[in-house]
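Trainee: Take a look at model_1.pdb, PDB, C-alpha atoms:
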```pdb
MODEL        1
ATOM      1  CA  PRO A   1      58.906 166.796 112.433
ATOM      2  CA  SER A   2      58.490 166.724 116.191
ATOM      3  CA  VAL A   3      62.251 166.550 116.834
ATOM      4  CA  GLY A   4      63.703 167.727 113.517
ATOM      5  CA  TYR A   5      63.971 171.067 111.761
ATOM      6  CA  ASN A   6      61.208 173.568 112.487
ATOM      7  CA  SER A   7      60.652 176.869 110.677
ATOM      8  CA  ASP A   8      59.931 178.533 114.021
ATOM      9  CA  PRO A   9      63.435 179.477 115.287
ATOM     10  CA  VAL A  10      62.425 179.114 118.934
ATOM     11  CA  ARG A  11      60.997 175.627 118.421
ATOM     12  CA  ASN A  12      63.934 174.735 116.178
ATOM     13  CA  LYS A  13      66.359 175.610 119.000
ATOM     14  CA  ARG A  14      64.340 173.514 121.455
ATOM     15  CA  ASN A  15      64.233 170.580 119.021
ATOM     16  CA  LYS A  16      68.003 170.709 118.612
ATOM     17  CA  ALA A  17      68.426 170.675 122.396
ATOM     18  CA  LEU A  18      66.055 167.691 122.595
ATOM     19  CA  ARG A  19      68.091 165.747 120.032
ATOM     20  CA  LYS A  20      71.293 166.486 121.912
ATOM     21  CA  ALA A  21      69.709 165.472 125.214
ATOM     22  CA  ILE A  22      68.723 162.129 123.693
ATOM     23  CA  ARG A  23      72.300 161.762 122.440
ATOM     24  CA  TYR A  24      73.659 162.340 125.961
ATOM     25  CA  ALA A  25      71.261 159.632 127.160
ATOM     26  CA  PHE A  26      72.951 157.073 124.916
ATOM     27  CA  ASP A  27      75.278 154.771 126.816
ATOM     28  CA  TRP A  28      77.406 153.543 123.926
ATOM     29  CA  LYS A  29      79.557 151.374 126.196
ATOM     30  CA  GLU A  30      76.511 149.471 127.467
ATOM     31  CA  LEU A  31      75.058 149.217 123.969
ATOM     32  CA  SER A  32      78.355 147.868 122.607
ATOM     33  CA  GLU A  33      78.721 145.330 125.412
ATOM     34  CA  LYS A  34      75.172 143.984 125.272
ATOM     35  CA  ARG A  35      74.456 144.157 121.558
ATOM     36  CA  PHE A  36      77.830 143.928 119.814
ATOM     37  CA  SER A  37      80.079 142.011 122.225
ATOM     38  CA  SER A  38      82.175 145.174 122.756
ATOM     39  CA  GLN A  39      83.417 145.055 119.170
ATOM     40  CA  GLY A  40      83.895 148.101 117.012
ATOM     41  CA  GLU A  41      85.320 151.577 117.430
ATOM     42  CA  LEU A  42      83.478 154.452 119.081
ATOM     43  CA  TYR A  43      84.060 157.862 117.501
ATOM     44  CA  PRO A  44      82.287 161.240 117.212
ATOM     45  CA  GLY A  45      80.764 162.337 113.933
ATOM     46  CA  PHE A  46      80.114 160.230 110.851
ATOM     47  CA  LEU A  47      83.633 159.147 109.856
ATOM     48  CA  PRO A  48      86.187 157.123 111.876
ATOM     49  CA  PRO A  49      89.666 158.607 112.438
ATOM     50  CA  SER A  50      91.167 155.661 110.551
ATOM     51  CA  PHE A  51      90.077 157.523 107.378
ATOM     52  CA  GLU A  52      91.274 160.947 108.485
ATOM     53  CA  PRO A  53      93.684 161.006 111.472
ATOM     54  CA  ILE A  54      92.839 164.693 112.050
ATOM     55  CA  LEU A  55      89.456 163.530 113.333
ATOM     56  CA  GLU A  56      91.219 162.359 116.504
ATOM     57  CA  GLU A  57      91.108 166.035 117.458
ATOM     58  CA  LEU A  58      87.296 166.053 117.635
ATOM     59  CA  SER A  59      85.767 166.366 121.083
ATOM     60  CA  LYS A  60      84.428 163.120 122.551
ATOM     61  CA  ASP A  61      81.597 164.997 124.272
ATOM     62  CA  SER A  62      78.985 163.841 121.749
ATOM     63  CA  ILE A  63      79.678 160.179 122.505
ATOM     64  CA  THR A  64      79.970 160.574 126.281
ATOM     65  CA  TYR A  65      77.181 159.173 128.427
ATOM     66  CA  ARG A  66      75.864 162.097 130.490
ATOM     67  CA  PRO A  67      72.294 161.459 131.689
ATOM     68  CA  GLY A  68      72.490 164.343 134.176
ATOM     69  CA  LYS A  69      73.405 166.721 131.359
ATOM     70  CA  ALA A  70      70.549 165.313 129.283
ATOM     71  CA  ARG A  71      67.991 165.984 132.017
ATOM     72  CA  ALA A  72      69.370 169.503 132.527
ATOM     73  CA  MET A  73      69.143 170.292 128.795
ATOM     74  CA  LEU A  74      65.522 169.181 128.694
ATOM     75  CA  ALA A  75      64.636 171.387 131.653
ATOM     76  CA  GLU A  76      66.623 174.389 130.394
ATOM     77  CA  ASN A  77      64.786 174.274 127.076
ATOM     78  CA  GLY A  78      61.292 173.952 128.477
ATOM     79  CA  TRP A  79      60.766 170.232 127.911
ATOM     80  CA  ASN A  80      58.748 168.264 130.457
ATOM     81  CA  GLU A  81      56.606 165.135 130.664
ATOM     82  CA  GLU A  82      53.600 167.021 129.358
ATOM     83  CA  ASN A  83      55.068 168.529 126.198
ATOM     84  CA  LEU A  84      57.770 166.063 125.180
ATOM     85  CA  PRO A  85      56.868 164.603 121.761
ATOM     86  CA  VAL A  86      56.186 160.955 121.111
ATOM     87  CA  ILE A  87      59.390 159.206 120.019
ATOM     88  CA  VAL A  88      58.975 156.285 117.629
ATOM     89  CA  PHE A  89      61.710 153.672 117.258
ATOM     90  CA  THR A  90      61.569 151.650 114.058
ATOM     91  CA  GLY A  91      63.000 148.355 112.884
ATOM     92  CA  ILE A  92      62.207 144.982 111.349
ATOM     93  CA  ALA A  93      59.832 142.682 113.213
ATOM     94  CA  ASN A  94      62.401 140.361 114.785
ATOM     95  CA  ILE A  95      64.038 139.718 118.142
ATOM     96  CA  ILE A  96      67.092 141.888 117.372
ATOM     97  CA  SER A  97      64.979 144.960 116.628
ATOM     98  CA  ARG A  98      62.956 144.289 119.757
ATOM     99  CA  GLN A  99      66.111 144.162 121.859
ATOM    100  CA  ASN A 100      67.358 147.360 120.238
ATOM    101  CA  PHE A 101      64.092 149.084 121.052
ATOM    102  CA  GLU A 102      64.208 147.935 124.668
ATOM    103  CA  MET A 103      67.736 149.303 124.999
ATOM    104  CA  PHE A 104      66.707 152.619 123.428
ATOM    105  CA  GLU A 105      63.670 152.808 125.696
ATOM    106  CA  LYS A 106      65.801 152.171 128.784
ATOM    107  CA  PHE A 107      68.176 155.007 127.876
ATOM    108  CA  LEU A 108      65.277 157.462 127.478
ATOM    109  CA  LEU A 109      63.592 156.376 130.705
ATOM    110  CA  ARG A 110      66.802 157.167 132.584
ATOM    111  CA  ILE A 111      66.518 160.841 131.628
ATOM    112  CA  GLY A 112      62.870 161.057 132.622
ATOM    113  CA  TYR A 113      61.214 160.500 129.256
ATOM    114  CA  PRO A 114      57.652 159.258 129.812
ATOM    115  CA  LYS A 115      57.291 155.578 128.956
ATOM    116  CA  SER A 116      53.937 156.314 127.310
ATOM    117  CA  LYS A 117      55.729 158.531 124.777
ATOM    118  CA  ILE A 118      58.309 155.952 123.681
ATOM    119  CA  MET A 119      56.779 153.825 120.964
ATOM    120  CA  GLY A 120      57.996 151.024 118.711
ATOM    121  CA  LYS A 121      57.011 150.532 115.075
ATOM    122  CA  MET A 122      58.234 147.301 113.551
ATOM    123  CA  TYR A 123      57.979 146.594 109.827
ATOM    124  CA  LEU A 124      57.243 143.166 108.427
ATOM    125  CA  THR A 125      60.082 143.387 105.897
ATOM    126  CA  PHE A 126      63.103 145.575 105.204
ATOM    127  CA  HIS A 127      61.455 146.506 101.893
ATOM    128  CA  ASP A 128      58.518 148.006 103.792
ATOM    129  CA  LEU A 129      60.870 149.980 106.018
ATOM    130  CA  LEU A 130      62.921 151.162 103.047
ATOM    131  CA  PHE A 131      59.771 152.319 101.263
ATOM    132  CA  ASP A 132      58.834 154.612 104.145
ATOM    133  CA  LEU A 133      62.423 155.833 104.358
ATOM    134  CA  LYS A 134      62.382 156.845 100.708
ATOM    135  CA  GLU A 135      58.981 158.464 101.074
ATOM    136  CA  GLY A 136      60.227 160.481 104.037
ATOM    137  CA  GLU A 137      57.601 158.897 106.265
ATOM    138  CA  LEU A 138      59.785 156.943 108.668
ATOM    139  CA  PRO A 139      59.102 158.282 112.147
ATOM    140  CA  SER A 140      61.841 159.410 114.456
ATOM    141  CA  PHE A 141      64.520 156.837 115.359
ATOM    142  CA  GLY A 142      66.049 153.474 114.502
ATOM    143  CA  LEU A 143      69.434 151.797 114.412
ATOM    144  CA  MET A 144      70.978 152.127 110.957
ATOM    145  CA  SER A 145      74.287 151.291 109.295
ATOM    146  CA  TRP A 146      75.740 152.114 105.883
ATOM    147  CA  ASN A 147      78.107 150.059 103.749
ATOM    148  CA  MET A 148      80.483 152.391 101.962
ATOM    149  CA  ASP A 149      80.633 152.208  98.175
ATOM    150  CA  ILE A 150      84.025 153.937  98.013
ATOM    151  CA  ILE A 151      86.642 154.310 100.725
ATOM    152  CA  ASP A 152      86.417 158.076 100.982
ATOM    153  CA  ALA A 153      84.760 160.593 103.295
ATOM    154  CA  THR A 154      82.552 161.890 100.496
ATOM    155  CA  ASP A 155      80.700 158.568 100.384
ATOM    156  CA  LEU A 156      79.325 159.229 103.873
ATOM    157  CA  MET A 157      78.992 162.978 103.374
ATOM    158  CA  GLU A 158      76.532 162.211 100.566
ATOM    159  CA  LEU A 159      74.137 160.876 103.226
ATOM    160  CA  PHE A 160      73.659 164.434 104.519
ATOM    161  CA  TYR A 161      73.695 166.309 101.205
ATOM    162  CA  SER A 162      70.459 168.271 100.781
ATOM    163  CA  LYS A 163      70.189 167.408  97.081
ATOM    164  CA  ASN A 164      70.020 163.730  98.100
ATOM    165  CA  LYS A 165      66.931 164.114 100.300
ATOM    166  CA  SER A 166      64.256 161.391 100.169
ATOM    167  CA  PRO A 167      63.789 159.422  98.005
ATOM    168  CA  GLY A 168      67.575 159.779  97.777
ATOM    169  CA  MET A 169      70.082 158.487 100.313
ATOM    170  CA  ASN A 170      69.654 161.481 102.673
ATOM    171  CA  PHE A 171      66.896 159.734 104.607
ATOM    172  CA  PHE A 172      67.217 162.345 107.385
ATOM    173  CA  ASN A 173      66.158 165.099 104.917
ATOM    174  CA  TYR A 174      68.992 167.093 106.452
ATOM    175  CA  ASN A 175      69.706 170.504 104.943
ATOM    176  CA  ASN A 176      72.693 172.688 105.837
ATOM    177  CA  PRO A 177      74.130 175.006 103.146
ATOM    178  CA  GLU A 178      77.582 175.105 104.741
ATOM    179  CA  PHE A 179      77.756 171.320 104.796
ATOM    180  CA  ASP A 180      76.604 171.126 101.162
ATOM    181  CA  ALA A 181      79.310 173.591 100.132
ATOM    182  CA  LEU A 182      81.953 171.580 101.980
ATOM    183  CA  LEU A 183      80.960 168.368 100.206
ATOM    184  CA  GLU A 184      81.035 170.051  96.813
ATOM    185  CA  THR A 185      84.485 171.508  97.550
ATOM    186  CA  VAL A 186      85.956 168.326  99.036
ATOM    187  CA  SER A 187      84.684 166.231  96.107
ATOM    188  CA  ALA A 188      86.862 168.223  93.717
ATOM    189  CA  MET A 189      89.998 168.338  95.875
ATOM    190  CA  PRO A 190      93.026 166.041  95.903
ATOM    191  CA  LEU A 191      94.032 164.296  99.118
ATOM    192  CA  GLY A 192      95.933 166.557 101.469
ATOM    193  CA  PRO A 193      95.873 168.567 104.721
ATOM    194  CA  GLU A 194      93.484 171.241 103.416
ATOM    195  CA  ARG A 195      90.960 168.612 102.338
ATOM    196  CA  SER A 196      91.277 166.881 105.708
ATOM    197  CA  GLN A 197      90.540 170.151 107.519
ATOM    198  CA  LEU A 198      87.333 170.594 105.522
ATOM    199  CA  ILE A 199      86.263 167.027 106.302
ATOM    200  CA  LYS A 200      86.862 167.738 109.977
ATOM    201  CA  ARG A 201      84.683 170.840 109.713
ATOM    202  CA  ALA A 202      81.938 168.773 108.075
ATOM    203  CA  ASN A 203      82.025 166.390 111.032
ATOM    204  CA  GLU A 204      81.809 169.311 113.460
ATOM    205  CA  ILE A 205      78.676 170.565 111.695
ATOM    206  CA  ILE A 206      76.964 167.161 111.921
ATOM    207  CA  ILE A 207      77.932 166.838 115.572
ATOM    208  CA  ASP A 208      76.541 170.293 116.360
ATOM    209  CA  ASP A 209      73.311 169.979 114.335
ATOM    210  CA  CYS A 210      72.760 166.415 115.598
ATOM    211  CA  PRO A 211      70.615 165.065 112.751
ATOM    212  CA  ILE A 212      71.765 161.604 113.857
ATOM    213  CA  ILE A 213      72.966 159.972 117.068
ATOM    214  CA  SER A 214      76.205 158.454 115.900
ATOM    215  CA  GLY A 215      79.035 156.665 117.610
TER     216      GLY A 215
ENDMDL
END
```
Written as structure tokens, how would this file's structure read?
Mentor:
Amino acid sequence: PSVGYNSDPVRNKRNKALRKAIRYAFDWKELSEKRFSSQGELYPGFLPPSFEPILEELSKDSITYRPGKARAMLAENGWNEENLPVIVFTGIANIISRQNFEMFEKFLLRIGYPKSKIMGKMYLTFHDLLFDLKEGELPSFGLMSWNMDIIDATDLMELFYSKNKSPGMNFFNYNNPEFDALLETVSAMPLGPERSQLIKRANEIIIDDCPIISG
């Protein structure tokens, strides 16, 4: 993928920097105010601290709006208007998805992303979108949420487990052996401080690899 994992280590490093730059471009405060009436809790990683208080210790850097940092990261890693990949934002063909796309586009334009390389792909139905997700064909970006089946960190960790890649629930096709090992260990552990530390480490991995822009 143009912004995901690449077998070339040099390109893979540049892709990771690109993902992080896009994350720094996200103004979560503005998004929350304009799209969600300032409701909800902003937190780094994939799990809110209400589940694991130790997650309060995570750095807030990944959810901090830093457009200057984003522009610097692009330049430092050789990205410019000529070679930046096309970014495709997906959703359902309705006014909400259109507004989400316009917000996403605005954030990218602020860091110098060419408007011609920010595209929208809207699906007629959620079923159509879900089909491409399961086939691993959904391009690039889109706003997503997940309703937990069980009130435990492992429910969300499963979303990044390599053995759950498309057509499973790991729609990102994310693969990190350390993360996989943490999930397998945590799943067999009782509640306690040691388990919480491993869950914190899992969050740190997702924050660093940046397979998603979460907040």
Trainee: A:Phe179, A:Asp149, A:Ala72, A:Phe26: which is nearest A:Tyr161, counting all atoms listed in the file?
Mentor: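 Looking only at the distances to A:Tyr161, the closest residue turns out to be A:Phe179.
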Trainee: Please provide as a PyMOL selection string all residues within 7 Å of A:Gly91, with the sequence filter that same-chain residues fewer than 4 positions apart are discarded (counting all atoms listed in the file).
Mentor: chain A and resi 97+121-123+142
Trainee: For atom CA of A:Gly45 and atom CA of A:Ser32, quote the distance in Å rounded to one decimal.
Mentor: 17.0 Å
Trainee: Between atom CA of A:Leu124 and atom CA of A:Phe89, what is the distance, to one decimal in Å?
Mentor: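 Atom CA of A:Leu124 sits 14.4 Å away from atom CA of A:Phe89.
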Trainee: Can you spell out as a PyMOL selection string the set of residues that the PyMOL selection byres ((chain A and resi 108-112) around 12) selects in the structure I just provided?
Mentor: chain A and resi 18-19+21-27+65-75+79-82+84+86-89+101-107+113-119
Trainee: When the PyMOL selection byres ((chain A and resi 198) around 12) is applied to the file above, which residues end up in the set, as a PyMOL selection string?
Mentor: chain A and resi 52+54-55+153-154+157+178-187+189+191-197+199-205
Trainee: Please produce a file of those selected residues containing C-alpha atoms, as a PDB file, in the frame of the given file.
Mentor:
```pdb
ATOM      1  CA  GLU A  52      91.274 160.947 108.485  1.00  0.00           C
ATOM      2  CA  ILE A  54      92.839 164.693 112.050  1.00  0.00           C
ATOM      3  CA  LEU A  55      89.456 163.530 113.333  1.00  0.00           C
ATOM      4  CA  ALA A 153      84.760 160.593 103.295  1.00  0.00           C
ATOM      5  CA  THR A 154      82.552 161.890 100.496  1.00  0.00           C
ATOM      6  CA  MET A 157      78.992 162.978 103.374  1.00  0.00           C
ATOM      7  CA  GLU A 178      77.582 175.105 104.741  1.00  0.00           C
ATOM      8  CA  PHE A 179      77.756 171.320 104.796  1.00  0.00           C
ATOM      9  CA  ASP A 180      76.604 171.126 101.162  1.00  0.00           C
ATOM     10  CA  ALA A 181      79.310 173.591 100.132  1.00  0.00           C
ATOM     11  CA  LEU A 182      81.953 171.580 101.980  1.00  0.00           C
ATOM     12  CA  LEU A 183      80.960 168.368 100.206  1.00  0.00           C
ATOM     13  CA  GLU A 184      81.035 170.051  96.813  1.00  0.00           C
ATOM     14  CA  THR A 185      84.485 171.508  97.550  1.00  0.00           C
ATOM     15  CA  VAL A 186      85.956 168.326  99.036  1.00  0.00           C
ATOM     16  CA  SER A 187      84.684 166.231  96.107  1.00  0.00           C
ATOM     17  CA  MET A 189      89.998 168.338  95.875  1.00  0.00           C
ATOM     18  CA  LEU A 191      94.032 164.296  99.118  1.00  0.00           C
ATOM     19  CA  GLY A 192      95.933 166.557 101.469  1.00  0.00           C
ATOM     20  CA  PRO A 193      95.873 168.567 104.721  1.00  0.00           C
ATOM     21  CA  GLU A 194      93.484 171.241 103.416  1.00  0.00           C
ATOM     22  CA  ARG A 195      90.960 168.612 102.338  1.00  0.00           C
ATOM     23  CA  SER A 196      91.277 166.881 105.708  1.00  0.00           C
ATOM     24  CA  GLN A 197      90.540 170.151 107.519  1.00  0.00           C
ATOM     25  CA  ILE A 199      86.263 167.027 106.302  1.00  0.00           C
ATOM     26  CA  LYS A 200      86.862 167.738 109.977  1.00  0.00           C
ATOM     27  CA  ARG A 201      84.683 170.840 109.713  1.00  0.00           C
ATOM     28  CA  ALA A 202      81.938 168.773 108.075  1.00  0.00           C
ATOM     29  CA  ASN A 203      82.025 166.390 111.032  1.00  0.00           C
ATOM     30  CA  GLU A 204      81.809 169.311 113.460  1.00  0.00           C
ATOM     31  CA  ILE A 205      78.676 170.565 111.695  1.00  0.00           C
TER      32      ILE A 205
END
```
Trainee: Just give me the gap between atom CA of A:Thr125 and atom CA of A:Ala93 in Å, one decimal is fine.
Mentor: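 Between atom CA of A:Thr125 and atom CA of A:Ala93 the gap is 7.4 Å.
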Trainee: Within 8 Å of (64.4, 168.3, 112.8), only C-alpha atoms: residues as an NGL selection string?
Mentor: :A and (1-6 or 12 or 15-16 or 174 or 211)
